[in-house]
Amino acid sequence: MPEPTSNALINWNDLRPYLKMAAQNAWLFLLLAATGYVMGTLITKRQLDVHSATSEILLESQETFDYQAQMLGAIGARSLSSNVPNQSRILRSYDLIGRVVDTMNEPLDFFFVGRLRTTQVERFTHLSIEADPELFAAGLLGQNLDLRILGPSGYELTYDNPTGEHVKVQFPFGVWTESGDLALKVSLNHPSDQVLSEAEWDSMREQHLRIRAFNRDQRIQQFRSALAVKAVDRTSILQLEASSTLASRPAAFLDALSHIYIEYTQEARFEASRRTEEFIDRQLDELTSMMDSLEQQVDLFKADNEILDLTREETEFFNTLITMESQLRELDLRLDAMGSLRSFLAAGSGEFGLPPTTYLFSEDPLLVQQVNQLFMLRSERASALIDVTEDSYQVRRLDSSLSSTRSTISRYIRDTELALQDQRSDLQRQITSLESRLQGLPATQRDILSMERKLQVNEGLYIFLLESKASTIISRAGIAPEATIIEAARYDRVIGPNKSRTVLTWAGGGFALALLIALVRMAFFERIQTIVELRDSTNLPVLGGIPHYDDIEEHPLSILNDSRSAVTEAFRSLRANLQYMLTRSESKLLLISSLHPGEGKSFTSSNLAAVLAKTGKSVALIDFDMHKPKVHKNMGLDNKKGLSTVLIGRAQLDDVLRPGPVENLSVCTAGPVPPNASELVMGDQTLELLKELRSRFDFILLDTPPILLISDALILMQHVDAGLLVTNTEKSSKRSINHLESVLAQNQLSASFILNNIRMNRWQRVYSKYAYKYGYGYGYGYGYGYGYGSGGYGEPSEEA
């Protein structure tokens, strides 16, 4: 009858397979989850704690004096607060952290190794260890070097060399190792005149020490990966956090990094100031030499000639000429500055030098702005290359901006140089004109005027350069760092490893593995265990089920062994259901087979024949499994002759029929195994035999070979009233049931299922004992007659 439909959100029939999977694999879930928990706990015991420290830096402290603003702004001083992301990259840059590594100078890590836990320490109490990681074999850097103190004679090192060989060597204290793989020296911290007791040496011998050596590059990579830089929103504050397995190292690293970064922010300004002073010094040296030479010439000339006495007009011409020549010298200086600026401009995009200082004497604010922009773009490009390659979009975009800015400055310099050249030409013409007016003076007077004029021009320029140098020195003396430490490095907390998460991860991993195994078992190895599962897996009728029978080998006929057992009641239930299923014909021919061998078809046919005979009906059990017969063993008969002798014409039916162990039951064993059993089944003599059996017995049961292996059952099933297919809970699966259905559909046959070897759970066993105690045994499957009530066709008395 069709199952009632349900509108419930959860259909328990759909959940039943998963609940079954959970119940069957509960031990697996518990075992693997517990194993994962234990493994996770052991791993956390061996993991080193990760400590952290924090620090904060304020960018752009605004400690610059007013008179520095113009000069520092002109040399392209970088605004830190306006470029916080780049400052974060600079703090994590290889070069900057390399300076920190050089300052800290910690090439070794030290560990105490215990049975379950390894602890990192700053150093060993009794030992001082020096190492030169640059001389280590590359394969030993970062690897474990186990050290044990042997006594006053020295120590022992154990390690795996780069070739994989396990090495154990001994060295004396206080000397450098002679091994080609290592470069270290281990010394005792005790004074040479101090004698250690034997107990102290024994304590030191028991210690398992371990060291690891790292070169400069490895340390830089460690610190870079352990450093996190984060900008505080809406401020120019950078938060720095560092981590390490050594508790004191993060704070020491952040402290060194903060001070080195602050020094870095001053370097550009100091360098610009130094270059400016060098340039001024070179100009002053030239001017000093020139002025000394001119003064000597004037003194000598005046000593040899008369003193010059000029008219007022000539004096005015003379002063104007001095002014123009001073302007001409300044124009020459500006042209030199343009040349230096052009050289800076010609440098590649990757050049990260400071802009030249000579162009500071130019009073063109637009040019200063453009040069500053170029310098900032080069700075951004250098910072970007810390994290990305030159082929990245960010660098290509900066290169495009650099090219555009460089082109703009080049055009501007060219136009400026042309304008300066024009001004210089104009001044030169005016100077020439004035000089021509002074041509009327005597030669001696003109010479002394020329020398005094040059001397005054150089004196004016000398004073200007001295003032510039003084401003530069004063400015450099007042340069303050752009960044300030507002929170010194301090120990924060233990940030890892997350031991609870590690344990839960391992336990969860074990549970997930168990779930995966359970799902694989469910998908490929799941066995049908109950009548409900069998009914859900097939569209064919399910006649009933037989519980597990422990005495199947010693007492194959359960009705004779225990007439009140659950197995016997199950066969009685099958008998009742079979009688309701079959039509009311006088003789009923039944075929019993299975999909695989060993599923209990012979056990089922023998017991079903016995319970049918108990009703007073005449029953014949014919063993058609002439390949591997077993009915004669269940019935306690010999197999010297039987069905095979009848089918080959050497005996009659009456010659091979023998009474069974139950009244009204006749048994025909398979007989000797013939070489052509399947051909005998297909012969006409088989049909004649079945016809004769129908005429003489009420029930005929044919025990046939498994369908999957031999086709005998499929041939005989065409001539029977009902086919009964036995499937065992140890072998039955959805795939096998579906395959059996497809075989029957292909041959246009139909059959009913019987589920054998059903194992009761604890509650069912208790309930079964309780029921039998009070005389109620309801069997398995559908109960009596598919639920149509108790009894059946001729339901026997209690003995049946």
# chains A, B, ... in the order shown; residues from 1 in each chain; ligands from 1
$ residues_around --residues "Asn756 of chain A" --least-positions-apart "6" --cutoff "9 Å" --atoms "only C-alpha atoms" --output "compact mmCIF listing (two decimals) with N, CA, C and O atoms, in the first residue's frame"
# COMPACT_ATOMS: atom_id res chain seq x y z
N GLY A 544 9.66 -10.63 4.56
CA GLY A 544 9.92 -10.61 5.99
C GLY A 544 11.41 -10.70 6.25
O GLY A 544 12.24 -10.57 5.35
N GLY A 545 11.74 -10.92 7.53
CA GLY A 545 13.14 -10.98 7.93
C GLY A 545 13.40 -12.09 8.92
O GLY A 545 12.49 -12.54 9.62
N ILE A 546 14.66 -12.52 8.96
CA ILE A 546 15.08 -13.60 9.85
C ILE A 546 16.20 -13.07 10.72
O ILE A 546 17.20 -12.56 10.20
N PRO A 547 16.07 -13.22 12.03
CA PRO A 547 17.13 -12.69 12.91
C PRO A 547 18.38 -13.56 12.86
O PRO A 547 18.40 -14.66 12.31
N HIS A 548 19.43 -13.02 13.47
CA HIS A 548 20.70 -13.73 13.52
C HIS A 548 20.55 -15.02 14.33
O HIS A 548 19.92 -15.04 15.39
N GLU A 599 24.57 -16.30 1.59
CA GLU A 599 23.59 -15.38 2.17
C GLU A 599 22.50 -16.10 2.95
O GLU A 599 21.66 -15.45 3.57
N GLY A 600 22.49 -17.45 2.94
CA GLY A 600 21.54 -18.20 3.76
C GLY A 600 20.33 -18.70 3.00
O GLY A 600 19.29 -18.94 3.64
N LYS A 601 20.41 -18.92 1.70
CA LYS A 601 19.23 -19.39 0.93
C LYS A 601 18.88 -20.83 1.31
O LYS A 601 17.70 -21.19 1.44
N THR A 604 17.32 -20.84 4.68
CA THR A 604 15.96 -20.34 4.60
C THR A 604 15.02 -21.38 3.98
O THR A 604 13.91 -21.61 4.49
N VAL A 726 16.79 -14.36 -1.05
CA VAL A 726 17.34 -14.16 0.29
C VAL A 726 18.56 -13.25 0.19
O VAL A 726 19.46 -13.47 -0.63
N THR A 727 18.58 -12.21 0.99
CA THR A 727 19.73 -11.31 1.06
C THR A 727 20.18 -11.19 2.51
O THR A 727 19.34 -11.17 3.43
N ASN A 728 21.48 -11.17 2.72
CA ASN A 728 22.06 -11.19 4.05
C ASN A 728 22.52 -9.79 4.45
O ASN A 728 23.05 -9.04 3.62
N THR A 729 22.33 -9.44 5.72
CA THR A 729 22.72 -8.10 6.18
C THR A 729 24.22 -7.88 6.08
O THR A 729 24.68 -6.73 6.04
$ closest_atom_pairs --of "segment 524-563 of chain A" --to "segment 630-644 of chain A" --cutoff "10 Å" --atoms "only C-alpha atoms" --output "tab-separated table"
residue	atom	partner	partner_atom	distance
A:Ile552	CA	A:Asn634	CA	9.3
A:Glu553	CA	A:Asn634	CA	8.6
A:Glu554	CA	A:Asn634	CA	9.3
A:His555	CA	A:Asn634	CA	8.0
A:Pro556	CA	A:Asn634	CA	5.6
A:Leu557	CA	A:Asn634	CA	6.9
$ closest_residue --among "A:Arg16, A:Arg424, A:Lys168, A:Arg342" --to "Glu533 of chain A" --atoms "only C-alpha atoms"
A:Arg16
$ residues_around --residues "Thr405 of chain A" --least-positions-apart "3" --cutoff "9 Å" --atoms "only C-alpha atoms" --output "JSON, numbers by chain"
{"A": [370, 371, 373, 374, 400, 401, 402, 408, 409, 410]}
$ residues_around --residues "Val503 of chain A" --least-positions-apart "5" --cutoff "9 Å" --atoms "only C-alpha atoms" --output "list in words"
Gly36, Tyr37, Val38, Met39, Gly40, Thr41, Leu42, Ile43, Thr44, Asn498 and Gly508 of chain A
$ closest_residue --among "A:Val50, A:Ile486, A:Pro17, A:Leu345" --to "Phe375 of chain A" --atoms "only C-alpha atoms"
A:Leu345
$ residues_around --residues "segment 141-155 of chain A" --least-positions-apart "4" --cutoff "10 Å" --atoms "only C-alpha atoms" --output "VMD selection string"
chain A and resid 108 to 113 127 133 to 137 159 to 162 168 to 174 181 to 182 186 to 188 195 to 196 198 200 to 215 218 to 219
$ write_last_selection --atoms "C-alpha atoms" --output "CSV table (one decimal), in the first residue's frame"
chain,number,residue,atom,x,y,z
A,108,LEU,CA,72.0,32.4,17.9
A,109,ASP,CA,68.8,31.1,19.5
A,110,PHE,CA,69.1,29.1,22.7
A,111,PHE,CA,66.8,26.3,23.9
A,112,PHE,CA,66.3,23.9,26.8
A,113,VAL,CA,64.9,20.6,25.5
A,127,LEU,CA,78.0,28.6,28.8
A,133,PRO,CA,76.9,32.1,10.8
A,134,GLU,CA,78.5,33.4,7.5
A,135,LEU,CA,81.0,30.5,7.8
A,136,PHE,CA,78.3,27.8,8.5
A,137,ALA,CA,77.3,25.3,5.9
A,159,TYR,CA,73.4,17.5,14.1
A,160,ASP,CA,72.5,16.3,10.6
A,161,ASN,CA,74.9,17.6,8.0
A,162,PRO,CA,73.7,18.9,4.6
A,168,LYS,CA,78.2,13.5,16.5
A,169,VAL,CA,81.4,15.4,17.3
A,170,GLN,CA,83.2,16.5,20.5
A,171,PHE,CA,85.1,19.7,21.1
A,172,PRO,CA,87.0,21.3,24.0
A,173,PHE,CA,85.8,24.4,25.7
A,174,GLY,CA,87.1,27.8,24.6
A,181,ASP,CA,80.4,22.8,8.6
A,182,LEU,CA,80.4,25.0,11.7
A,186,VAL,CA,81.7,27.4,23.4
A,187,SER,CA,83.2,28.6,26.7
A,188,LEU,CA,82.4,28.0,30.3
A,195,VAL,CA,86.4,24.1,40.9
A,196,LEU,CA,82.9,22.6,40.2
A,198,GLU,CA,80.8,16.4,40.7
A,200,GLU,CA,77.3,20.3,39.6
A,201,TRP,CA,78.9,18.5,36.6
A,202,ASP,CA,76.3,15.8,36.8
A,203,SER,CA,73.5,18.4,36.7
A,204,MET,CA,75.1,20.1,33.7
A,205,ARG,CA,75.5,16.7,31.9
A,206,GLU,CA,71.8,16.0,32.3
A,207,GLN,CA,70.8,19.2,30.5
A,208,HIS,CA,69.8,18.8,26.8
A,209,LEU,CA,70.8,22.1,25.2
A,210,ARG,CA,70.0,23.2,21.6
A,211,ILE,CA,71.1,26.1,19.5
A,212,ARG,CA,70.2,27.4,16.1
A,213,ALA,CA,72.3,29.8,14.0
A,214,PHE,CA,70.9,32.3,11.6
A,215,ASN,CA,72.8,34.6,9.2
A,218,GLN,CA,67.6,35.0,7.7
A,219,ARG,CA,67.3,37.3,10.7
$ residues_around --residues "Gln428 of chain A" --least-positions-apart "3" --cutoff "9 Å" --atoms "only C-alpha atoms" --output "ChimeraX atom specification"
/A:324-325,328,423-425,431-433
$ select_by_dssp --residues "segment 565-774 of chain A" --states "strand (DSSP E or B)" --output "number ranges by chain"
A: 588-594, 619-623, 658-659, 665-668, 699-703, 722-728, 752-758
$ closest_residue --among "A:Thr484, A:Gln266, A:Asn738, A:Ser732" --to "Ile531 of chain A" --atoms "only C-alpha atoms"
A:Ser732
$ closest_residue --among "A:Phe753, A:Tyr462, A:Phe511, A:Tyr393" --to "Leu543 of chain A" --atoms "only C-alpha atoms"
A:Phe753
$ atom_distance --atom1 "atom CA of Ile485 of chain A" --atom2 "atom CA of Ser258 of chain A"
7.0 Å
$ atom_distance --atom1 "atom CA of Leu725 of chain A" --atom2 "atom CA of Leu755 of chain A"
8.5 Å
$ atom_distance --atom1 "atom CA of Pro85 of chain A" --atom2 "atom CA of Arg493 of chain A"
26.5 Å
$ closest_residue --among "A:Trp27, A:Tyr491, A:Tyr580, A:Phe571" --to "Lys614 of chain A" --atoms "only C-alpha atoms"
A:Phe571
$ select_by_dssp --residues "segment 627-769 of chain A" --states "helix (DSSP H, G or I)" --output "number ranges by chain"
A: 631-635, 643-647, 653-656, 677-681, 684-696, 712-719, 734-746, 762-769
$ write_last_selection --atoms "C-alpha atoms" --output "mmCIF file, in the first residue's frame"
data_model
loop_
_atom_site.group_PDB
_atom_site.id
_atom_site.type_symbol
_atom_site.label_atom_id
_atom_site.label_comp_id
_atom_site.auth_asym_id
_atom_site.auth_seq_id
_atom_site.Cartn_x
_atom_site.Cartn_y
_atom_site.Cartn_z
ATOM 1 C CA VAL A 631 20.331 -29.069 1.633
ATOM 2 C CA HIS A 632 21.412 -32.640 2.410
ATOM 3 C CA LYS A 633 23.679 -31.311 5.199
ATOM 4 C CA ASN A 634 20.848 -29.289 6.750
ATOM 5 C CA MET A 635 18.528 -32.337 6.622
ATOM 6 C CA LEU A 643 18.122 -34.626 -8.573
ATOM 7 C CA SER A 644 21.077 -35.031 -10.940
ATOM 8 C CA THR A 645 20.456 -38.808 -11.270
ATOM 9 C CA VAL A 646 16.792 -38.120 -12.073
ATOM 10 C CA LEU A 647 17.538 -35.496 -14.720
ATOM 11 C CA LEU A 653 11.495 -39.308 -8.546
ATOM 12 C CA ASP A 654 10.330 -41.870 -5.995
ATOM 13 C CA ASP A 655 13.852 -43.294 -5.933
ATOM 14 C CA VAL A 656 15.379 -40.023 -4.687
ATOM 15 C CA ALA A 677 24.383 -28.864 -14.325
ATOM 16 C CA SER A 678 23.023 -25.742 -16.100
ATOM 17 C CA GLU A 679 22.272 -27.749 -19.282
ATOM 18 C CA LEU A 680 20.318 -30.292 -17.235
ATOM 19 C CA VAL A 681 18.224 -27.511 -15.707
ATOM 20 C CA ASP A 684 12.715 -30.871 -20.980
ATOM 21 C CA GLN A 685 13.119 -33.392 -18.185
ATOM 22 C CA THR A 686 13.158 -30.477 -15.693
ATOM 23 C CA LEU A 687 9.713 -29.286 -16.817
ATOM 24 C CA GLU A 688 8.358 -32.839 -16.567
ATOM 25 C CA LEU A 689 9.782 -33.127 -13.074
ATOM 26 C CA LEU A 690 8.142 -29.869 -11.959
ATOM 27 C CA LYS A 691 4.828 -31.001 -13.437
ATOM 28 C CA GLU A 692 5.007 -34.253 -11.518
ATOM 29 C CA LEU A 693 5.879 -32.445 -8.307
ATOM 30 C CA ARG A 694 2.896 -30.114 -8.663
ATOM 31 C CA SER A 695 0.597 -33.087 -8.915
ATOM 32 C CA ARG A 696 1.864 -34.735 -5.753
ATOM 33 C CA ASP A 712 19.804 -21.573 -13.226
ATOM 34 C CA ALA A 713 17.513 -19.572 -10.938
ATOM 35 C CA LEU A 714 16.508 -17.159 -13.723
ATOM 36 C CA ILE A 715 15.558 -20.119 -15.951
ATOM 37 C CA LEU A 716 13.527 -21.861 -13.253
ATOM 38 C CA MET A 717 11.872 -18.625 -12.075
ATOM 39 C CA GLN A 718 9.853 -18.577 -15.304
ATOM 40 C CA HIS A 719 8.030 -21.768 -14.198
ATOM 41 C CA LYS A 734 21.669 -0.836 -2.211
ATOM 42 C CA ARG A 735 23.852 -1.412 -5.228
ATOM 43 C CA SER A 736 23.418 -5.197 -5.057
ATOM 44 C CA ILE A 737 19.649 -4.847 -4.623
ATOM 45 C CA ASN A 738 19.440 -2.441 -7.565
ATOM 46 C CA HIS A 739 21.559 -4.796 -9.666
ATOM 47 C CA LEU A 740 19.257 -7.697 -8.796
ATOM 48 C CA GLU A 741 16.219 -5.617 -9.705
ATOM 49 C CA SER A 742 17.753 -4.745 -13.068
ATOM 50 C CA VAL A 743 18.483 -8.441 -13.776
ATOM 51 C CA LEU A 744 14.883 -9.397 -12.976
ATOM 52 C CA ALA A 745 13.497 -6.519 -15.040
ATOM 53 C CA GLN A 746 15.695 -7.476 -17.982
ATOM 54 C CA ARG A 762 20.041 -4.452 23.121
ATOM 55 C CA TRP A 763 16.524 -3.050 23.505
ATOM 56 C CA GLN A 764 15.101 -5.500 20.988
ATOM 57 C CA ARG A 765 16.761 -8.446 22.734
ATOM 58 C CA VAL A 766 15.371 -7.365 26.108
ATOM 59 C CA TYR A 767 11.923 -6.861 24.622
ATOM 60 C CA SER A 768 12.097 -10.226 22.848
ATOM 61 C CA LYS A 769 12.920 -12.042 26.094
#
$ residues_around --residues "Pro541 of chain A" --least-positions-apart "6" --cutoff "10 Å" --atoms "only C-alpha atoms" --output "list of chain:residue names"
A:Leu534, A:Arg535, A:Met581, A:Leu724, A:Ser750, A:Ala751, A:Ser752, A:Phe753, A:Ile754
$ write_last_selection --atoms "N, CA, C and O atoms" --output "PDB file, in the first residue's frame"
ATOM      1  N   LEU A 534      15.517  -2.219   3.758  1.00  0.00           N
ATOM      2  CA  LEU A 534      15.334  -3.015   2.545  1.00  0.00           C
ATOM      3  C   LEU A 534      14.107  -2.556   1.773  1.00  0.00           C
ATOM      4  O   LEU A 534      14.134  -2.461   0.543  1.00  0.00           O
ATOM      5  N   ARG A 535      13.049  -2.252   2.478  1.00  0.00           N
ATOM      6  CA  ARG A 535      11.825  -1.797   1.804  1.00  0.00           C
ATOM      7  C   ARG A 535      12.052  -0.445   1.138  1.00  0.00           C
ATOM      8  O   ARG A 535      11.523  -0.196   0.048  1.00  0.00           O
ATOM      9  N   MET A 581       0.293 -14.020   0.419  1.00  0.00           N
ATOM     10  CA  MET A 581       0.781 -13.504  -0.852  1.00  0.00           C
ATOM     11  C   MET A 581       0.405 -14.409  -2.016  1.00  0.00           C
ATOM     12  O   MET A 581       0.071 -13.942  -3.109  1.00  0.00           O
ATOM     13  N   LEU A 724      11.554 -16.252  -4.240  1.00  0.00           N
ATOM     14  CA  LEU A 724      11.980 -15.666  -2.969  1.00  0.00           C
ATOM     15  C   LEU A 724      13.494 -15.488  -3.016  1.00  0.00           C
ATOM     16  O   LEU A 724      14.240 -16.464  -3.201  1.00  0.00           O
ATOM     17  N   SER A 750       9.697 -11.362 -11.636  1.00  0.00           N
ATOM     18  CA  SER A 750       9.406 -10.683 -10.389  1.00  0.00           C
ATOM     19  C   SER A 750       9.698 -11.621  -9.232  1.00  0.00           C
ATOM     20  O   SER A 750       9.654 -12.851  -9.393  1.00  0.00           O
ATOM     21  N   ALA A 751       9.988 -11.070  -8.073  1.00  0.00           N
ATOM     22  CA  ALA A 751      10.321 -11.880  -6.900  1.00  0.00           C
ATOM     23  C   ALA A 751      10.084 -11.060  -5.646  1.00  0.00           C
ATOM     24  O   ALA A 751       9.813  -9.847  -5.701  1.00  0.00           O
ATOM     25  N   SER A 752      10.188 -11.707  -4.499  1.00  0.00           N
ATOM     26  CA  SER A 752      10.052 -11.063  -3.194  1.00  0.00           C
ATOM     27  C   SER A 752      11.344 -11.276  -2.410  1.00  0.00           C
ATOM     28  O   SER A 752      12.045 -12.267  -2.594  1.00  0.00           O
ATOM     29  N   PHE A 753      11.618 -10.336  -1.530  1.00  0.00           N
ATOM     30  CA  PHE A 753      12.854 -10.378  -0.755  1.00  0.00           C
ATOM     31  C   PHE A 753      12.610 -10.922   0.640  1.00  0.00           C
ATOM     32  O   PHE A 753      11.543 -10.706   1.250  1.00  0.00           O
ATOM     33  N   ILE A 754      13.609 -11.617   1.147  1.00  0.00           N
ATOM     34  CA  ILE A 754      13.673 -12.043   2.550  1.00  0.00           C
ATOM     35  C   ILE A 754      15.030 -11.585   3.080  1.00  0.00           C
ATOM     36  O   ILE A 754      16.070 -11.904   2.499  1.00  0.00           O
TER      37      ILE A 754
END
